[in-house]
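Undergrad: One structure, as structure tokens, below. Some questions next.
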Amino acid sequence: MDRWNGRGVVMATGSVSLAKAMWRGFRGKCPNCGEGHLFGRFLKVADACDHCGEELVHQRADDFPAYLVMVVVGHLVVPAILAVETAYAPPVSLQLAVWLPVTLFSSLALLQPTKGAIVGLQWQIGMHGFEASKLRREAGQLAPVLVKAPRAA
């Protein structure tokens, strides 16, 4: 819910719920506007949103996303390995050939979305350097941010 003011500036309006901010981060989008890219590279969070200009440099996800991914993947893969072993008792080489790639690719697939969700969480609750952004949102202030102006035809 942005408002265009006609001078190449978008005025952000409305508040973003915790679930919405985390979902936007999970999708790799800016938690503020939901439009700009959250990541510049695979796990490198952009310094600022390329759409609304929200500063994202304050995030401190560190190793928490990796821990969460290990817990989730471990709780999915280990029971599957045990079930296959109990039911079929395949050779160890076949087990390794199947479960190592499954574990690797599922971990890589979940790592960026999990980090994005953690950044969305930090942004919404005002952790670290996001306090000013949270205070601005709570006060209902409209924060002007630069956006590429549409070209006149």
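Labeling convention for the structure tokens: chains A, B, ... as they appear, residues from 1 per chain, ligands from 1 in order of appearance.
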Report as a PDB file with C-alpha atoms, in the first residue's frame all protein, DNA and RNA residues lying within 10 Å of segment 15-18 of chain A, evaluated on only C-alpha atoms, omitting residues in the same chain fewer than 3 positions from it.
TA:
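Wrote it out as selection.pdb, contents follow:
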ATOM      1  CA  MET A   1       0.000   0.000   0.000  1.00  0.00           C
ATOM      2  CA  ALA A  12       4.892   3.880   2.316  1.00  0.00           C
ATOM      3  CA  ALA A  21       7.174  -9.558   6.956  1.00  0.00           C
ATOM      4  CA  MET A  22       8.514 -13.077   7.483  1.00  0.00           C
ATOM      5  CA  TRP A  23       6.635 -14.421   4.427  1.00  0.00           C
ATOM      6  CA  ARG A  24       8.041 -11.622   2.283  1.00  0.00           C
ATOM      7  CA  PRO A  31       9.902  -7.075   4.274  1.00  0.00           C
ATOM      8  CA  ASN A  32       8.756  -3.449   3.985  1.00  0.00           C
ATOM      9  CA  CYS A  33       7.291  -3.272   0.485  1.00  0.00           C
ATOM     10  CA  GLY A  34       7.288  -6.875  -0.711  1.00  0.00           C
ATOM     11  CA  ALA A 117      12.372 -15.027   7.070  1.00  0.00           C
ATOM     12  CA  GLY A 120      11.877 -10.194   8.041  1.00  0.00           C
ATOM     13  CA  LEU A 121      11.460 -11.091  11.725  1.00  0.00           C
ATOM     14  CA  GLN A 122      14.295  -8.773  12.764  1.00  0.00           C
ATOM     15  CA  TRP A 123      12.921  -5.950  10.617  1.00  0.00           C
ATOM     16  CA  GLN A 124       9.361  -6.233  11.904  1.00  0.00           C
ATOM     17  CA  ILE A 125      10.174  -6.403  15.634  1.00  0.00           C
ATOM     18  CA  LYS A 134       9.978   0.253  13.653  1.00  0.00           C
ATOM     19  CA  ARG A 137       6.102   2.638  11.416  1.00  0.00           C
ATOM     20  CA  GLU A 138       4.528   2.717  14.888  1.00  0.00           C
ATOM     21  CA  GLY A 140       2.422   6.239  11.490  1.00  0.00           C
TER      22      GLY A 140
END
Undergrad: Within 12 Å of Lys44 of chain A, counting only C-alpha atoms, which residues qualify if same-chain residues fewer than 3 places away don't, as number ranges by chain?
TA: A: 28, 37-41, 47-48, 56-57, 59-62, 111-112, 115-116, 119
Undergrad: For the selection just defined, write its residues with C-alpha atoms to a file, as a PDB file, in the first residue's frame.
TA:
ATOM      1  CA  GLY A  28      13.323 -13.216  -0.949  1.00  0.00           C
ATOM      2  CA  HIS A  37      14.930  -8.009  -3.798  1.00  0.00           C
ATOM      3  CA  LEU A  38      16.164  -8.934  -0.340  1.00  0.00           C
ATOM      4  CA  PHE A  39      19.336 -10.667  -1.524  1.00  0.00           C
ATOM      5  CA  GLY A  40      22.124  -9.330  -3.714  1.00  0.00           C
ATOM      6  CA  ARG A  41      23.765 -12.769  -3.918  1.00  0.00           C
ATOM      7  CA  ASP A  47      22.236  -3.065   1.757  1.00  0.00           C
ATOM      8  CA  ALA A  48      18.890  -1.499   0.838  1.00  0.00           C
ATOM      9  CA  LEU A  56      18.498  -3.770   5.266  1.00  0.00           C
ATOM     10  CA  VAL A  57      22.166  -3.530   6.196  1.00  0.00           C
ATOM     11  CA  GLN A  59      20.308  -7.449   9.766  1.00  0.00           C
ATOM     12  CA  ARG A  60      22.253  -9.876  11.939  1.00  0.00           C
ATOM     13  CA  ALA A  61      20.937 -13.320  10.984  1.00  0.00           C
ATOM     14  CA  ASP A  62      24.406 -14.867  11.491  1.00  0.00           C
ATOM     15  CA  LEU A 111      18.879 -21.813   3.492  1.00  0.00           C
ATOM     16  CA  GLN A 112      18.066 -18.592   1.613  1.00  0.00           C
ATOM     17  CA  LYS A 115      17.545 -16.407   6.201  1.00  0.00           C
ATOM     18  CA  GLY A 116      15.020 -14.138   4.501  1.00  0.00           C
ATOM     19  CA  VAL A 119      15.627 -10.875   8.350  1.00  0.00           C
TER      20      VAL A 119
END
Undergrad: Between atom CA of Val73 of chain A and atom CA of Trp99 of chain A, what is the distance, to one decimal in Å?
TA: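 Between these atoms lies a distance of 11.2 Å.
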Undergrad: When DSSP works through the backbone of this structure, what residues of segment 25-139 of chain A end up as alpha helix (DSSP H), shown as an NGL selection string?
TA: :A and (25-26 or 64-88 or 92-125 or 131-138)
Undergrad: Using C-alpha atoms, can you export the residues from the last selection as a PDB file, in the first residue's frame?
TA:
ATOM      1  CA  GLY A  25      11.525 -12.421   3.563  1.00  0.00           C
ATOM      2  CA  PHE A  26      10.964 -16.143   2.946  1.00  0.00           C
ATOM      3  CA  PHE A  64      20.601 -18.925  13.130  1.00  0.00           C
ATOM      4  CA  PRO A  65      19.161 -19.758   9.669  1.00  0.00           C
ATOM      5  CA  ALA A  66      21.712 -22.560   9.256  1.00  0.00           C
ATOM      6  CA  TYR A  67      20.774 -24.019  12.657  1.00  0.00           C
ATOM      7  CA  LEU A  68      17.082 -23.929  11.757  1.00  0.00           C
ATOM      8  CA  VAL A  69      17.743 -25.605   8.405  1.00  0.00           C
ATOM      9  CA  MET A  70      19.781 -28.338  10.083  1.00  0.00           C
ATOM     10  CA  VAL A  71      16.965 -29.008  12.560  1.00  0.00           C
ATOM     11  CA  VAL A  72      14.266 -29.136   9.873  1.00  0.00           C
ATOM     12  CA  VAL A  73      16.233 -31.208   7.364  1.00  0.00           C
ATOM     13  CA  GLY A  74      17.491 -33.521  10.099  1.00  0.00           C
ATOM     14  CA  HIS A  75      13.967 -34.117  11.383  1.00  0.00           C
ATOM     15  CA  LEU A  76      12.802 -34.968   7.859  1.00  0.00           C
ATOM     16  CA  VAL A  77      15.735 -36.973   6.521  1.00  0.00           C
ATOM     17  CA  VAL A  78      16.693 -39.071   9.557  1.00  0.00           C
ATOM     18  CA  PRO A  79      13.243 -40.668  10.017  1.00  0.00           C
ATOM     19  CA  ALA A  80      13.122 -41.349   6.267  1.00  0.00           C
ATOM     20  CA  ILE A  81      16.535 -43.023   6.408  1.00  0.00           C
ATOM     21  CA  LEU A  82      15.452 -45.137   9.385  1.00  0.00           C
ATOM     22  CA  ALA A  83      12.176 -46.122   7.704  1.00  0.00           C
ATOM     23  CA  VAL A  84      13.939 -47.201   4.505  1.00  0.00           C
ATOM     24  CA  GLU A  85      16.584 -49.083   6.473  1.00  0.00           C
ATOM     25  CA  THR A  86      13.984 -50.871   8.573  1.00  0.00           C
ATOM     26  CA  ALA A  87      11.712 -51.782   5.664  1.00  0.00           C
ATOM     27  CA  TYR A  88      14.244 -52.672   2.930  1.00  0.00           C
ATOM     28  CA  VAL A  92      25.113 -48.652   2.644  1.00  0.00           C
ATOM     29  CA  SER A  93      26.478 -47.395  -0.683  1.00  0.00           C
ATOM     30  CA  LEU A  94      22.930 -47.018  -2.033  1.00  0.00           C
ATOM     31  CA  GLN A  95      21.841 -45.246   1.142  1.00  0.00           C
ATOM     32  CA  LEU A  96      24.748 -42.807   0.816  1.00  0.00           C
ATOM     33  CA  ALA A  97      24.103 -42.287  -2.892  1.00  0.00           C
ATOM     34  CA  VAL A  98      20.495 -41.326  -2.174  1.00  0.00           C
ATOM     35  CA  TRP A  99      20.490 -39.563   1.194  1.00  0.00           C
ATOM     36  CA  LEU A 100      23.603 -37.380   0.885  1.00  0.00           C
ATOM     37  CA  PRO A 101      22.308 -35.522  -2.207  1.00  0.00           C
ATOM     38  CA  VAL A 102      18.804 -35.293  -0.708  1.00  0.00           C
ATOM     39  CA  THR A 103      20.256 -33.754   2.434  1.00  0.00           C
ATOM     40  CA  LEU A 104      22.555 -31.393   0.529  1.00  0.00           C
ATOM     41  CA  PHE A 105      19.958 -30.097  -1.930  1.00  0.00           C
ATOM     42  CA  SER A 106      17.190 -29.737   0.640  1.00  0.00           C
ATOM     43  CA  SER A 107      19.554 -27.795   2.913  1.00  0.00           C
ATOM     44  CA  LEU A 108      20.620 -25.484   0.097  1.00  0.00           C
ATOM     45  CA  ALA A 109      17.010 -25.000  -1.000  1.00  0.00           C
ATOM     46  CA  LEU A 110      15.900 -23.953   2.489  1.00  0.00           C
ATOM     47  CA  LEU A 111      18.879 -21.813   3.492  1.00  0.00           C
ATOM     48  CA  GLN A 112      18.066 -18.592   1.613  1.00  0.00           C
ATOM     49  CA  PRO A 113      14.311 -18.611   2.391  1.00  0.00           C
ATOM     50  CA  THR A 114      15.044 -19.266   6.065  1.00  0.00           C
ATOM     51  CA  LYS A 115      17.545 -16.407   6.201  1.00  0.00           C
ATOM     52  CA  GLY A 116      15.020 -14.138   4.501  1.00  0.00           C
ATOM     53  CA  ALA A 117      12.372 -15.027   7.070  1.00  0.00           C
ATOM     54  CA  ILE A 118      14.803 -14.269   9.911  1.00  0.00           C
ATOM     55  CA  VAL A 119      15.627 -10.875   8.350  1.00  0.00           C
ATOM     56  CA  GLY A 120      11.877 -10.194   8.041  1.00  0.00           C
ATOM     57  CA  LEU A 121      11.460 -11.091  11.725  1.00  0.00           C
ATOM     58  CA  GLN A 122      14.295  -8.773  12.764  1.00  0.00           C
ATOM     59  CA  TRP A 123      12.921  -5.950  10.617  1.00  0.00           C
ATOM     60  CA  GLN A 124       9.361  -6.233  11.904  1.00  0.00           C
ATOM     61  CA  ILE A 125      10.174  -6.403  15.634  1.00  0.00           C
ATOM     62  CA  GLU A 131      14.668   0.238  15.703  1.00  0.00           C
ATOM     63  CA  ALA A 132      14.308   3.535  13.843  1.00  0.00           C
ATOM     64  CA  SER A 133      12.295   1.886  11.099  1.00  0.00           C
ATOM     65  CA  LYS A 134       9.978   0.253  13.653  1.00  0.00           C
ATOM     66  CA  LEU A 135       9.496   3.516  15.563  1.00  0.00           C
ATOM     67  CA  ARG A 136       8.685   5.299  12.308  1.00  0.00           C
ATOM     68  CA  ARG A 137       6.102   2.638  11.416  1.00  0.00           C
ATOM     69  CA  GLU A 138       4.528   2.717  14.888  1.00  0.00           C
TER      70      GLU A 138
END
Undergrad: Take atom CA of Gly129 of chain A and atom CA of His58 of chain A and report the distance between them in Å, one decimal.
TA: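 Atom-to-atom, atom CA of Gly129 of chain A to atom CA of His58 of chain A, that is 4.8 Å.
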Undergrad: Rounded to one decimal place, report the atom CA of Asp63 of chain A-atom CA of Gly36 of chain A distance in Å.
TA: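 About the pair atom CA of Asp63 of chain A and atom CA of Gly36 of chain A: they are 24.0 Å apart.
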